[in-house]
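Peer 1: Quick one: the structure is below, questions incoming.
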Amino acid sequence: MFLLGHVGSAIFVWFIWESYTGKKKDFNKLLFAIGSMLPDILDKSVGLFLFHSARWIGHSILFQLSFCLILLLIDKIIFNSKYKSMLFVLLVGSILHVIGDLPSIKSNIIFWPLFGPFSTRDSTDFLYNLKSPFIIFTEITGFLIAILVGYLEKWKKRYWLIYFGVVISYIVVLIIAYFVFIF
Ligand SMILES: [Zn+2]
């Protein structure tokens, strides 16, 4: 899946969870959405710039858990665990992302470094997936799910502005990247 698919499915899981349990948790949904994009943000920023590969260790569950643990420790020592729940929200979003990617990512990436190294792929390879009907379907569905949940949850104007701002910037970046590297 690409980013809209991930954000949409993470928001959907959160919505179903709240509807099922009947408990409304007051947590930072924006942070949750960022968490649901984090593995791709890491792979396609740090991975691309430092290692010239769009596939890095951002999708490793062990990496995510240990990274979160380090941040929790730092938070505990410096801020007396002030940001504990925020870090937890980020981690849950991030793990939901990996679950969404399970059908398309090999286990040596998901469980890195347990099953040894994995091959990094050409930095722009993932852009070819933009033509995949599955990716197009999950992106549109993810976009619509977020809108539906936002409508049902009566999102504030600020949330809508952030959401559409991010979506439009994301689509523009993808289109530019596609025309520069693939077309
Ligand atoms: Zn991913």
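Every chain in the structure tokens takes a letter, A first, then B, and so on in the order presented; its residues are numbered from 1, and the ligands are numbered from 1 following the presented order.
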Quick one: residues within 12 Å of ligand 1, with only C-alpha atoms and all ligand atoms, as JSON, numbers by chain?

Peer 2: {"A": [1, 2, 3, 4, 5, 6, 7, 35, 36, 37, 38, 39, 40, 41, 42, 43, 44, 54, 55, 56, 57, 58, 59, 60, 61, 93, 94, 95, 96, 97, 98, 99, 100, 101, 102, 103, 104, 105, 106, 109, 110, 126, 135]}

Peer 1: Write out as a ChimeraX atom specification all residues of stretch 27-109 of chain A that backbone DSSP assigns to alpha helix (DSSP H).

Peer 2: /A:29-35,38-42,48-51,61-79,84-101,107-109

Peer 1: Give me a file of those residues, with C-alpha atoms, as a PDB file, in the first residue's frame.

Peer 2:
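Dumped everything to selection-v1.pdb:
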```pdb
ATOM      1  CA  LYS A  29      -5.139  11.429  15.884  1.00  0.00           C
ATOM      2  CA  LEU A  30      -2.733  13.454  13.791  1.00  0.00           C
ATOM      3  CA  LEU A  31       0.162  11.695  15.484  1.00  0.00           C
ATOM      4  CA  PHE A  32      -1.584   8.387  14.862  1.00  0.00           C
ATOM      5  CA  ALA A  33      -1.874   9.220  11.141  1.00  0.00           C
ATOM      6  CA  ILE A  34       1.818  10.208  11.054  1.00  0.00           C
ATOM      7  CA  GLY A  35       2.677   6.895  12.780  1.00  0.00           C
ATOM      8  CA  LEU A  38       6.279   6.463   9.489  1.00  0.00           C
ATOM      9  CA  PRO A  39       7.839   3.276   8.017  1.00  0.00           C
ATOM     10  CA  ASP A  40       7.522   4.687   4.485  1.00  0.00           C
ATOM     11  CA  ILE A  41       8.623   8.159   5.572  1.00  0.00           C
ATOM     12  CA  LEU A  42      11.760   6.594   7.125  1.00  0.00           C
ATOM     13  CA  LEU A  48      16.913   7.286  -0.037  1.00  0.00           C
ATOM     14  CA  PHE A  49      19.222  10.074   1.089  1.00  0.00           C
ATOM     15  CA  LEU A  50      21.728   8.041   3.097  1.00  0.00           C
ATOM     16  CA  PHE A  51      21.665   4.648   1.386  1.00  0.00           C
ATOM     17  CA  ILE A  61       9.026  -4.449  13.700  1.00  0.00           C
ATOM     18  CA  LEU A  62      12.089  -5.075  15.874  1.00  0.00           C
ATOM     19  CA  PHE A  63      13.615  -1.787  14.764  1.00  0.00           C
ATOM     20  CA  GLN A  64      10.376   0.042  15.549  1.00  0.00           C
ATOM     21  CA  LEU A  65      10.055  -1.554  18.982  1.00  0.00           C
ATOM     22  CA  SER A  66      13.670  -0.870  19.951  1.00  0.00           C
ATOM     23  CA  PHE A  67      13.548   2.682  18.571  1.00  0.00           C
ATOM     24  CA  CYS A  68      10.366   3.330  20.544  1.00  0.00           C
ATOM     25  CA  LEU A  69      11.943   1.795  23.660  1.00  0.00           C
ATOM     26  CA  ILE A  70      14.934   4.139  23.360  1.00  0.00           C
ATOM     27  CA  LEU A  71      12.601   7.141  22.959  1.00  0.00           C
ATOM     28  CA  LEU A  72      10.556   5.967  25.966  1.00  0.00           C
ATOM     29  CA  LEU A  73      13.743   5.742  28.055  1.00  0.00           C
ATOM     30  CA  ILE A  74      14.878   9.214  26.968  1.00  0.00           C
ATOM     31  CA  ASP A  75      11.375  10.516  27.716  1.00  0.00           C
ATOM     32  CA  LYS A  76      11.442   8.891  31.155  1.00  0.00           C
ATOM     33  CA  ILE A  77      14.881  10.247  32.065  1.00  0.00           C
ATOM     34  CA  ILE A  78      14.458  13.776  30.700  1.00  0.00           C
ATOM     35  CA  PHE A  79      10.698  14.471  30.725  1.00  0.00           C
ATOM     36  CA  LYS A  84       4.745   8.247  26.839  1.00  0.00           C
ATOM     37  CA  SER A  85       1.209   8.061  25.424  1.00  0.00           C
ATOM     38  CA  MET A  86       2.209  10.062  22.322  1.00  0.00           C
ATOM     39  CA  LEU A  87       5.055   7.638  21.594  1.00  0.00           C
ATOM     40  CA  PHE A  88       2.674   4.724  22.082  1.00  0.00           C
ATOM     41  CA  VAL A  89       0.194   6.255  19.583  1.00  0.00           C
ATOM     42  CA  LEU A  90       3.036   6.644  17.053  1.00  0.00           C
ATOM     43  CA  LEU A  91       4.115   3.035  17.573  1.00  0.00           C
ATOM     44  CA  VAL A  92       0.585   1.620  17.133  1.00  0.00           C
ATOM     45  CA  GLY A  93       0.169   3.598  13.893  1.00  0.00           C
ATOM     46  CA  SER A  94       3.543   2.389  12.694  1.00  0.00           C
ATOM     47  CA  ILE A  95       2.794  -1.276  13.448  1.00  0.00           C
ATOM     48  CA  LEU A  96      -0.568  -0.996  11.651  1.00  0.00           C
ATOM     49  CA  HIS A  97       1.395   0.230   8.629  1.00  0.00           C
ATOM     50  CA  VAL A  98       3.579  -2.886   8.667  1.00  0.00           C
ATOM     51  CA  ILE A  99       0.487  -5.119   9.032  1.00  0.00           C
ATOM     52  CA  GLY A 100      -0.994  -3.387   5.964  1.00  0.00           C
ATOM     53  CA  ASP A 101       2.218  -4.100   4.046  1.00  0.00           C
ATOM     54  CA  SER A 107       9.562 -11.616   6.259  1.00  0.00           C
ATOM     55  CA  ASN A 108      13.317 -10.852   6.322  1.00  0.00           C
ATOM     56  CA  ILE A 109      12.398  -7.150   6.016  1.00  0.00           C
TER      57      ILE A 109
END
```

Peer 1: What's the 10 Å shell around A:Ala146, counting only C-alpha atoms, without same-chain residues fewer than 2 positions away, as an mmCIF file with N, CA and C atoms, in the first residue's frame?

Peer 2:
```cif
data_model
loop_
_atom_site.group_PDB
_atom_site.id
_atom_site.type_symbol
_atom_site.label_atom_id
_atom_site.label_comp_id
_atom_site.auth_asym_id
_atom_site.auth_seq_id
_atom_site.Cartn_x
_atom_site.Cartn_y
_atom_site.Cartn_z
ATOM 1 N N LEU A 4 -1.911 6.935 1.358
ATOM 2 C CA LEU A 4 -3.346 7.158 1.616
ATOM 3 C C LEU A 4 -4.023 5.864 2.061
ATOM 4 N N GLY A 5 -3.594 4.759 1.461
ATOM 5 C CA GLY A 5 -4.118 3.450 1.851
ATOM 6 C C GLY A 5 -3.796 3.160 3.311
ATOM 7 N N VAL A 7 -2.987 5.411 5.773
ATOM 8 C CA VAL A 7 -3.683 6.332 6.691
ATOM 9 C C VAL A 7 -5.159 5.926 6.794
ATOM 10 N N GLY A 8 -5.790 5.646 5.642
ATOM 11 C CA GLY A 8 -7.202 5.269 5.628
ATOM 12 C C GLY A 8 -7.453 4.012 6.439
ATOM 13 N N SER A 9 -6.601 2.980 6.250
ATOM 14 C CA SER A 9 -6.852 1.729 6.979
ATOM 15 C C SER A 9 -6.575 1.895 8.468
ATOM 16 N N ALA A 10 -5.564 2.715 8.834
ATOM 17 C CA ALA A 10 -5.280 2.933 10.257
ATOM 18 C C ALA A 10 -6.446 3.676 10.917
ATOM 19 N N ILE A 11 -6.953 4.703 10.236
ATOM 20 C CA ILE A 11 -8.091 5.466 10.778
ATOM 21 C C ILE A 11 -9.319 4.556 10.885
ATOM 22 N N PHE A 12 -9.474 3.674 9.898
ATOM 23 C CA PHE A 12 -10.604 2.734 9.894
ATOM 24 C C PHE A 12 -10.511 1.781 11.103
ATOM 25 N N PHE A 15 -11.404 3.636 14.180
ATOM 26 C CA PHE A 15 -12.834 3.914 14.215
ATOM 27 C C PHE A 15 -13.617 2.663 14.628
ATOM 28 N N THR A 141 -9.594 4.244 -1.846
ATOM 29 C CA THR A 141 -10.390 3.771 -0.707
ATOM 30 C C THR A 141 -9.910 4.430 0.587
ATOM 31 N N GLY A 142 -8.583 4.476 0.779
ATOM 32 C CA GLY A 142 -8.014 5.089 1.983
ATOM 33 C C GLY A 142 -8.423 6.551 2.097
ATOM 34 N N PHE A 143 -8.363 7.259 0.974
ATOM 35 C CA PHE A 143 -8.737 8.678 0.939
ATOM 36 C C PHE A 143 -10.202 8.847 1.353
ATOM 37 N N LEU A 144 -11.075 7.990 0.790
ATOM 38 C CA LEU A 144 -12.508 8.097 1.072
ATOM 39 C C LEU A 144 -12.848 7.676 2.501
ATOM 40 N N LEU A 148 -14.897 9.773 5.222
ATOM 41 C CA LEU A 148 -16.096 9.247 5.874
ATOM 42 C C LEU A 148 -15.963 9.309 7.398
ATOM 43 N N VAL A 149 -14.801 8.845 7.896
ATOM 44 C CA VAL A 149 -14.587 8.851 9.346
ATOM 45 C C VAL A 149 -14.556 10.296 9.859
ATOM 46 N N GLY A 150 -13.919 11.192 9.109
ATOM 47 C CA GLY A 150 -13.863 12.595 9.495
ATOM 48 C C GLY A 150 -15.259 13.194 9.590
ATOM 49 N N TYR A 151 -16.126 12.811 8.637
ATOM 50 C CA TYR A 151 -17.506 13.297 8.636
ATOM 51 C C TYR A 151 -18.269 12.740 9.846
ATOM 52 N N LEU A 152 -18.122 11.427 10.094
ATOM 53 C CA LEU A 152 -18.834 10.799 11.215
ATOM 54 C C LEU A 152 -18.329 11.320 12.560
ATOM 55 N N TRP A 160 -9.551 19.072 8.802
ATOM 56 C CA TRP A 160 -9.833 18.969 7.362
ATOM 57 C C TRP A 160 -8.759 19.677 6.556
ATOM 58 N N TYR A 163 -5.639 17.632 6.629
ATOM 59 C CA TYR A 163 -5.798 16.422 5.818
ATOM 60 C C TYR A 163 -5.695 16.731 4.320
#
```
